[in-house]
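Quick look at work_34.txt (compact mmCIF, C-alpha atoms):
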```txt
# COMPACT_ATOMS: atom_id res chain seq x y z
CA MET A 1404 -90.96 24.59 227.84
CA THR A 1405 -94.06 22.69 228.81
CA PRO A 1406 -93.11 19.32 230.26
CA PRO A 1407 -94.39 16.41 228.20
CA LEU A 1408 -97.63 15.00 229.55
CA ASP A 1409 -98.11 11.31 229.88
CA HIS A 1410 -99.93 10.49 226.66
CA ASP A 1411 -97.92 7.35 225.93
CA ASP A 1412 -96.71 8.85 222.67
CA ILE A 1413 -93.60 7.79 220.77
CA ILE A 1414 -91.26 10.65 219.80
CA GLU A 1415 -87.89 9.61 218.41
CA LEU A 1416 -84.95 10.54 216.23
CA VAL A 1417 -83.33 7.39 214.86
CA ARG A 1418 -80.41 6.45 212.62
CA GLU A 1419 -81.73 3.03 211.61
CA PRO A 1420 -84.53 2.27 209.12
CA ILE A 1421 -87.99 3.06 210.49
CA ASP A 1422 -90.33 0.10 210.93
CA PRO A 1423 -93.89 1.47 210.94
CA ARG A 1424 -95.59 -1.68 212.24
CA PRO A 1425 -94.64 -1.44 215.94
CA LEU A 1426 -95.49 2.27 215.90
CA ILE A 1427 -98.98 1.60 214.56
CA ASP A 1428 -99.49 -1.29 216.96
CA HIS A 1429 -98.45 0.94 219.88
CA ILE A 1430 -100.99 3.68 219.18
CA ARG A 1431 -103.89 1.34 218.33
CA ALA A 1432 -106.32 0.85 221.21
CA PRO A 1433 -109.83 -0.61 221.62
CA GLU A 1434 -111.39 2.82 222.22
CA ASP A 1435 -110.07 4.11 218.88
CA GLY A 1436 -111.80 3.85 215.54
CA ALA A 1437 -109.18 5.30 213.21
CA ILE A 1438 -105.47 5.55 212.62
CA VAL A 1439 -104.02 7.89 209.98
CA THR A 1440 -100.37 7.57 209.02
CA PHE A 1441 -97.95 9.68 206.99
CA ASP A 1442 -94.94 7.98 205.42
CA GLY A 1443 -92.47 10.51 204.05
CA PHE A 1444 -89.73 8.88 201.97
CA VAL A 1445 -86.82 9.85 199.75
CA ARG A 1446 -87.78 10.88 196.20
CA ASN A 1447 -85.53 9.91 193.28
CA GLN A 1448 -85.23 13.46 191.94
CA SER A 1449 -85.20 17.07 193.07
CA HIS A 1450 -86.09 19.86 190.63
CA ASN A 1451 -85.66 17.29 187.82
CA ARG A 1452 -82.13 16.36 188.88
CA PRO A 1453 -81.69 12.68 189.74
CA THR A 1454 -80.95 12.33 193.45
CA LEU A 1455 -78.30 9.84 194.60
CA TYR A 1456 -79.14 9.96 198.32
CA LEU A 1457 -79.95 12.39 201.15
CA ASP A 1458 -78.17 13.15 204.39
CA TYR A 1459 -80.24 14.45 207.32
CA GLU A 1460 -78.89 16.29 210.34
CA ALA A 1461 -80.71 17.75 213.32
CA TYR A 1462 -80.25 20.00 216.32
CA GLU A 1463 -81.28 16.92 218.22
CA SER A 1464 -82.21 18.25 221.65
CA MET A 1465 -84.27 21.08 220.19
CA ALA A 1466 -85.79 18.90 217.46
CA LEU A 1467 -87.06 16.42 220.05
CA GLY A 1468 -88.52 19.30 222.07
CA LYS A 1469 -90.26 20.76 219.03
CA ILE A 1470 -91.69 17.38 217.99
CA ARG A 1471 -92.98 16.87 221.53
CA GLU A 1472 -94.68 20.26 221.29
CA ILE A 1473 -96.36 19.15 218.07
CA ALA A 1474 -97.63 15.98 219.75
CA LEU A 1475 -99.01 18.01 222.64
CA GLN A 1476 -100.79 20.29 220.18
CA LEU A 1477 -102.39 17.26 218.53
CA HIS A 1478 -103.82 16.19 221.88
CA GLU A 1479 -105.07 19.68 222.68
CA LYS A 1480 -106.43 20.68 219.27
CA TYR A 1481 -107.71 17.38 217.89
CA ARG A 1482 -108.26 15.20 220.96
CA VAL A 1483 -106.31 12.38 219.39
CA HIS A 1484 -105.60 9.31 221.49
CA ARG A 1485 -101.94 8.57 220.80
CA VAL A 1486 -99.21 9.94 218.56
CA ALA A 1487 -96.07 8.41 217.06
CA ILE A 1488 -93.60 10.68 215.28
CA VAL A 1489 -90.24 9.25 214.26
CA HIS A 1490 -87.67 11.05 212.10
CA ARG A 1491 -84.58 9.37 210.71
CA LEU A 1492 -81.15 11.04 210.52
CA GLY A 1493 -77.99 10.29 208.57
CA ARG A 1494 -77.72 8.92 205.05
CA LEU A 1495 -80.97 7.76 203.44
CA GLU A 1496 -81.29 6.03 200.08
CA ILE A 1497 -84.05 6.52 197.50
CA GLY A 1498 -87.34 5.14 198.78
CA GLU A 1499 -86.34 4.95 202.43
CA THR A 1500 -88.66 6.49 205.02
CA SER A 1501 -87.34 9.74 206.49
CA VAL A 1502 -90.33 10.53 208.68
CA PHE A 1503 -93.23 8.42 209.90
CA ILE A 1504 -96.24 9.87 211.69
CA ALA A 1505 -99.20 7.94 213.06
CA VAL A 1506 -102.14 9.23 215.09
CA SER A 1507 -105.04 7.34 216.58
CA ALA A 1508 -108.43 8.81 217.46
CA PRO A 1509 -111.99 7.66 218.07
CA HIS A 1510 -113.08 9.08 214.68
CA ARG A 1511 -111.39 9.55 211.31
CA ALA A 1512 -111.79 13.32 210.91
CA ALA A 1513 -109.62 14.14 213.93
CA ALA A 1514 -107.02 11.59 212.87
CA PHE A 1515 -106.78 12.97 209.30
CA ASP A 1516 -106.63 16.60 210.47
CA ALA A 1517 -104.09 15.88 213.19
CA CYS A 1518 -101.78 13.92 210.90
CA ARG A 1519 -101.81 16.70 208.28
CA PHE A 1520 -101.16 19.33 210.95
CA ALA A 1521 -98.28 17.27 212.34
CA ILE A 1522 -96.32 16.92 209.10
CA ASP A 1523 -96.98 20.52 208.02
CA THR A 1524 -95.83 21.86 211.39
CA LEU A 1525 -92.83 19.55 211.53
CA LYS A 1526 -91.59 20.77 208.15
CA ARG A 1527 -91.88 24.38 209.29
CA THR A 1528 -90.65 24.35 212.88
CA VAL A 1529 -88.41 21.38 213.66
CA PRO A 1530 -84.66 22.03 213.30
CA ILE A 1531 -83.77 19.24 210.87
CA TRP A 1532 -81.90 19.76 207.58
CA LYS A 1533 -81.32 17.61 204.54
CA LYS A 1534 -78.47 17.74 202.10
CA GLU A 1535 -79.22 16.42 198.63
CA TYR A 1536 -76.47 14.53 196.84
CA PHE A 1537 -76.38 14.49 193.03
CA GLU A 1538 -73.96 13.11 190.42
CA ASP A 1539 -72.23 16.50 190.23
CA GLY A 1540 -72.32 17.73 193.82
CA ALA A 1541 -74.49 18.35 196.86
CA VAL A 1542 -76.75 21.14 198.09
CA TRP A 1543 -78.68 21.89 201.27
CA ALA A 1544 -82.36 21.59 200.38
CA ASP A 1545 -84.45 24.75 200.21
CA GLY A 1546 -86.32 24.96 203.45
CA GLU A 1547 -88.69 27.08 205.44
CA LEU A 1548 -87.59 29.69 207.94
CA PRO A 1549 -89.25 28.83 211.25
CA PRO A 1550 -91.39 31.53 212.82
CA ALA A 1551 -89.37 33.15 215.62
CA PRO A 1552 -90.08 36.07 217.95
CA VAL A 1553 -89.28 39.37 216.24
CA ALA A 1554 -88.21 41.21 219.38
CA THR A 1555 -88.17 40.64 223.10
CA ARG A 1556 -89.47 44.15 223.85
CA GLY A 1557 -93.09 43.92 224.93
CA ALA A 1558 -93.00 40.15 224.89
CA LYS A 1559 -93.25 38.26 228.10
CA PRO A 1560 -89.81 37.48 229.43
CA ALA A 1561 -88.49 34.02 228.82
CA SER A 1562 -87.74 32.46 232.16
CA MET B 620 -67.15 27.73 244.96
CA ALA B 621 -65.98 30.79 246.87
CA LEU B 622 -63.98 33.26 244.86
CA PRO B 623 -60.78 34.67 246.33
CA LEU B 624 -61.43 38.03 247.92
CA ALA B 625 -59.33 39.82 245.35
CA ALA B 626 -61.42 38.42 242.52
CA CYS B 627 -64.63 39.47 244.26
CA SER B 628 -63.52 42.99 244.78
CA ARG B 629 -62.26 43.32 241.24
CA SER B 630 -65.46 42.01 239.72
CA ARG B 631 -67.99 43.66 241.95
CA TYR B 632 -66.86 46.63 243.98
CA ASN B 633 -64.33 48.25 241.72
CA SER B 634 -66.91 48.38 238.98
CA LEU B 635 -68.84 50.93 241.02
CA VAL B 636 -65.95 53.30 240.55
CA ALA B 637 -64.64 52.42 237.14
CA PRO B 638 -66.88 50.01 235.23
CA VAL B 639 -64.98 46.90 234.28
CA SER B 640 -66.37 45.13 231.28
CA GLN B 641 -67.67 41.74 232.35
CA THR B 642 -67.99 38.82 230.01
CA VAL B 643 -70.30 35.85 229.83
CA ARG B 644 -69.42 32.57 228.16
CA VAL B 645 -71.88 31.14 225.66
CA LYS B 646 -71.94 27.96 223.62
CA VAL B 647 -72.70 28.54 219.94
CA LEU B 648 -73.95 25.99 217.43
CA PHE B 649 -74.06 26.20 213.63
CA PHE B 650 -76.18 23.94 211.44
CA GLY B 651 -76.68 23.15 207.77
CA ARG B 652 -75.06 25.54 205.34
CA LEU B 653 -73.94 27.77 208.23
CA LYS B 654 -71.87 24.92 209.58
CA ASP B 655 -70.23 24.56 206.15
CA VAL B 656 -69.45 28.29 206.03
CA PHE B 657 -68.21 28.46 209.61
CA GLY B 658 -66.22 25.26 209.19
CA ARG B 659 -67.30 23.80 212.53
CA SER B 660 -70.57 22.96 214.21
CA GLU B 661 -69.74 24.22 217.70
CA ASP B 662 -67.90 27.06 219.36
CA SER B 663 -67.54 28.62 222.78
CA LEU B 664 -67.15 32.34 223.11
CA ASP B 665 -66.81 35.03 225.79
CA VAL B 666 -68.97 38.01 224.97
CA ASN B 667 -69.49 41.28 226.79
CA ASP B 668 -72.18 41.23 229.42
CA ALA B 669 -75.54 42.39 228.03
CA SER B 670 -74.60 41.39 224.50
CA THR B 671 -77.48 40.34 222.29
CA ILE B 672 -77.76 37.44 219.87
CA GLU B 673 -77.50 40.00 217.06
CA GLN B 674 -74.16 41.21 218.43
CA LEU B 675 -72.96 37.63 218.81
CA PHE B 676 -73.71 36.96 215.15
CA ALA B 677 -71.88 40.17 214.22
CA LEU B 678 -68.78 38.91 216.04
CA TYR B 679 -68.78 35.85 213.81
CA VAL B 680 -69.32 37.98 210.72
CA GLN B 681 -66.14 39.87 211.67
CA ARG B 682 -64.28 36.56 211.69
CA ILE B 683 -65.99 35.11 208.62
CA PRO B 684 -67.43 37.87 206.41
CA ASP B 685 -69.23 35.29 204.22
CA LEU B 686 -71.67 34.71 207.08
CA ALA B 687 -73.17 38.19 206.58
CA LYS B 688 -75.21 37.21 203.56
CA TYR B 689 -77.02 34.52 205.56
CA ARG B 690 -78.25 36.88 208.28
CA SER B 691 -81.66 37.49 206.67
CA SER B 692 -82.32 33.77 206.19
CA VAL B 693 -81.36 32.59 209.65
CA VAL B 694 -83.31 32.30 212.87
CA ALA B 695 -81.70 32.04 216.26
CA SER B 696 -82.46 29.91 219.26
CA ARG B 697 -81.45 30.29 222.87
CA ASN B 698 -81.49 27.20 225.08
CA GLN B 699 -83.48 25.20 222.50
CA GLU B 700 -86.22 27.81 222.02
CA PHE B 701 -86.55 30.18 219.08
CA ALA B 702 -85.36 33.58 220.21
CA ALA B 703 -85.53 37.18 219.01
CA TRP B 704 -82.30 38.78 217.79
CA ASP B 705 -82.38 41.35 220.60
CA THR B 706 -82.36 38.61 223.27
CA VAL B 707 -79.71 39.38 225.89
CA LEU B 708 -77.26 36.56 226.51
CA ARG B 709 -76.64 35.08 229.92
CA SER B 710 -73.72 33.02 231.11
CA GLY B 711 -74.05 29.39 230.06
CA ASP B 712 -76.57 30.04 227.29
CA GLU B 713 -76.60 27.73 224.31
CA VAL B 714 -77.25 29.75 221.17
CA ALA B 715 -77.82 28.18 217.76
CA PHE B 716 -78.02 29.77 214.33
CA LEU B 717 -80.56 27.89 212.24
CA PRO B 718 -80.92 28.12 208.47
CA PRO B 719 -84.32 27.35 206.87
CA VAL B 720 -85.37 23.90 208.06
CA SER B 721 -85.96 21.06 205.61
CA GLY B 722 -86.93 18.01 207.61
CA GLY B 723 -89.62 15.56 206.58
```
Mind converting the file's structure to structure tokens?
Amino acid sequence: MTPPLDHDDIIELVREPIDPRPLIDHIRAPEDGAIVTFDGFVRNQSHNRPTLYLDYEAYESMALGKIREIALQLHEKYRVHRVAIVHRLGRLEIGETSVFIAVSAPHRAAAFDACRFAIDTLKRTVPIWKKEYFEDGAVWADGELPPAPVATRGAKPAS
Amino acid sequence: MALPLAACSRSRYNSLVAPVSQTVRVKVLFFGRLKDVFGRSEDSLDVNDASTIEQLFALYVQRIPDLAKYRSSVVASRNQEFAAWDTVLRSGDEVAFLPPVSGG
């Protein structure tokens, strides 16, 4: 895996409530002109069933690696200045933030595009799962199957 | 650590005459609904040398037949990177079976 470069990003998995303010303050710099944030929080229903709460679990070492890869892609593709991506694990109540993403850039277009790319990619590739709890039971949420290599033959060997 | 001579000769030289099946130990992780079906999140298993991730999954299906129906909706990782099912396992590998992800 590519070692993380020193971009002064914040990449974290946490079990406490996420406070967006310090994250935004951290990525805000005089050379920037825009910050775009994404606040993903717990909805009160799923497929029209009232949700009681959610429980998130992660393959933590791999999830951190995959989120770092996303941050690196934001720097390479969108030339953003700094990135903060924080995902919460454990039990979350209705309305609580499960994921917070903030990106800073000199101009708004890059910040908007990068933030959208970050949440879309996170939902598709980062090994985190949520279980939805209802009055009458609990289910693992429908998710997306991450893209994985189909076969090693012909691919470059993983070292 | 140096192996006793007897162990060396059994593992290396005798195999030239009569192949002795070697094993490698791997750590295996289950997440989400797979963890519920398997009943635990972590296991450690000795598999035959040159086994693939596909064969590793099949070993668990033998133990817990219910796992079979999840095969088509699971991806595998080896040492925290997504991996193809024909990936050959090495000693000390950490393999995880990952159901569709639902973070965010």
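Using all atoms listed in the file, the protein and nucleic acid residues lying no more than 7 Å from range 1450-1460 of chain A, apart from those fewer than 6 places from it along its own chain, are Leu1492, Gly1493, Arg1494, Leu1495, Glu1496, Ile1497, Ile1531, Trp1532, Lys1533, Lys1534, Glu1535, Tyr1536, Phe1537 and Glu1538 of chain A.
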Writing out the chosen residues with C-alpha atoms as a short mmCIF file (atom, residue, chain, number, x, y, z; two decimals), keeping the file's coordinate frame:
```
data_model
loop_
_atom_site.label_atom_id
_atom_site.label_comp_id
_atom_site.auth_asym_id
_atom_site.auth_seq_id
_atom_site.Cartn_x
_atom_site.Cartn_y
_atom_site.Cartn_z
CA LEU A 1492 -81.15 11.04 210.52
CA GLY A 1493 -77.99 10.29 208.57
CA ARG A 1494 -77.72 8.92 205.05
CA LEU A 1495 -80.97 7.76 203.44
CA GLU A 1496 -81.29 6.03 200.08
CA ILE A 1497 -84.05 6.52 197.50
CA ILE A 1531 -83.77 19.24 210.87
CA TRP A 1532 -81.90 19.76 207.58
CA LYS A 1533 -81.32 17.61 204.54
CA LYS A 1534 -78.47 17.74 202.10
CA GLU A 1535 -79.22 16.42 198.63
CA TYR A 1536 -76.47 14.53 196.84
CA PHE A 1537 -76.38 14.49 193.03
CA GLU A 1538 -73.96 13.11 190.42
#
```
Compare B:Ile672, B:Val680, B:Ala715, B:Ala703 by their minimum atom-to-atom distance to Leu648 in chain B, counting all atoms listed in the file, and give me the closest one. B:Ala715
Give me, as an MDAnalysis selection string, the contact residues of chain B against chain A at a cut-off of 10 Å, counting only C-alpha atoms. chainID B and resid 648:652 691:707 715 717:723
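Interatomic distance, CA of Asp668 in chain B to CA of Thr642 in chain B: 4.9 Å.
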Which residue gives the smallest distance to Tyr679 in chain B among B:Asp712, B:Asp655, B:Leu664, B:Arg644, with only C-alpha atoms counted?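 Closest to Tyr679 in chain B, using only C-alpha atoms: B:Leu664.
Between CA of Phe716 in chain B and CA of Asn1447 in chain A there is a distance of 29.9 Å.
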Report, in Å to a single decimal, how far apart CA of Leu1416 in chain A and CA of Phe1515 in chain A are.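 Taking CA of Phe1515 in chain A and CA of Leu1416 in chain A, their separation equals 23.0 Å.
For the residues B:Thr671, B:Leu708, B:Val666, B:Leu653, ranking by smallest atom-to-atom distance to Arg690 in chain B using only C-alpha atoms places B:Leu653 first.
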Give the answer as one residue: which of A:Ala1508, A:Asp1539, A:Glu1479, A:Thr1524 has the shortest atom-to-atom distance to Gly1436 in chain A, using all atoms listed in the file? A:Ala1508
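Each of B:Ser670, B:Asp685, B:Val656, B:Asp662 was checked against Ser640 in chain B using only C-alpha atoms; the smallest atom-to-atom distance is that of B:Ser670.
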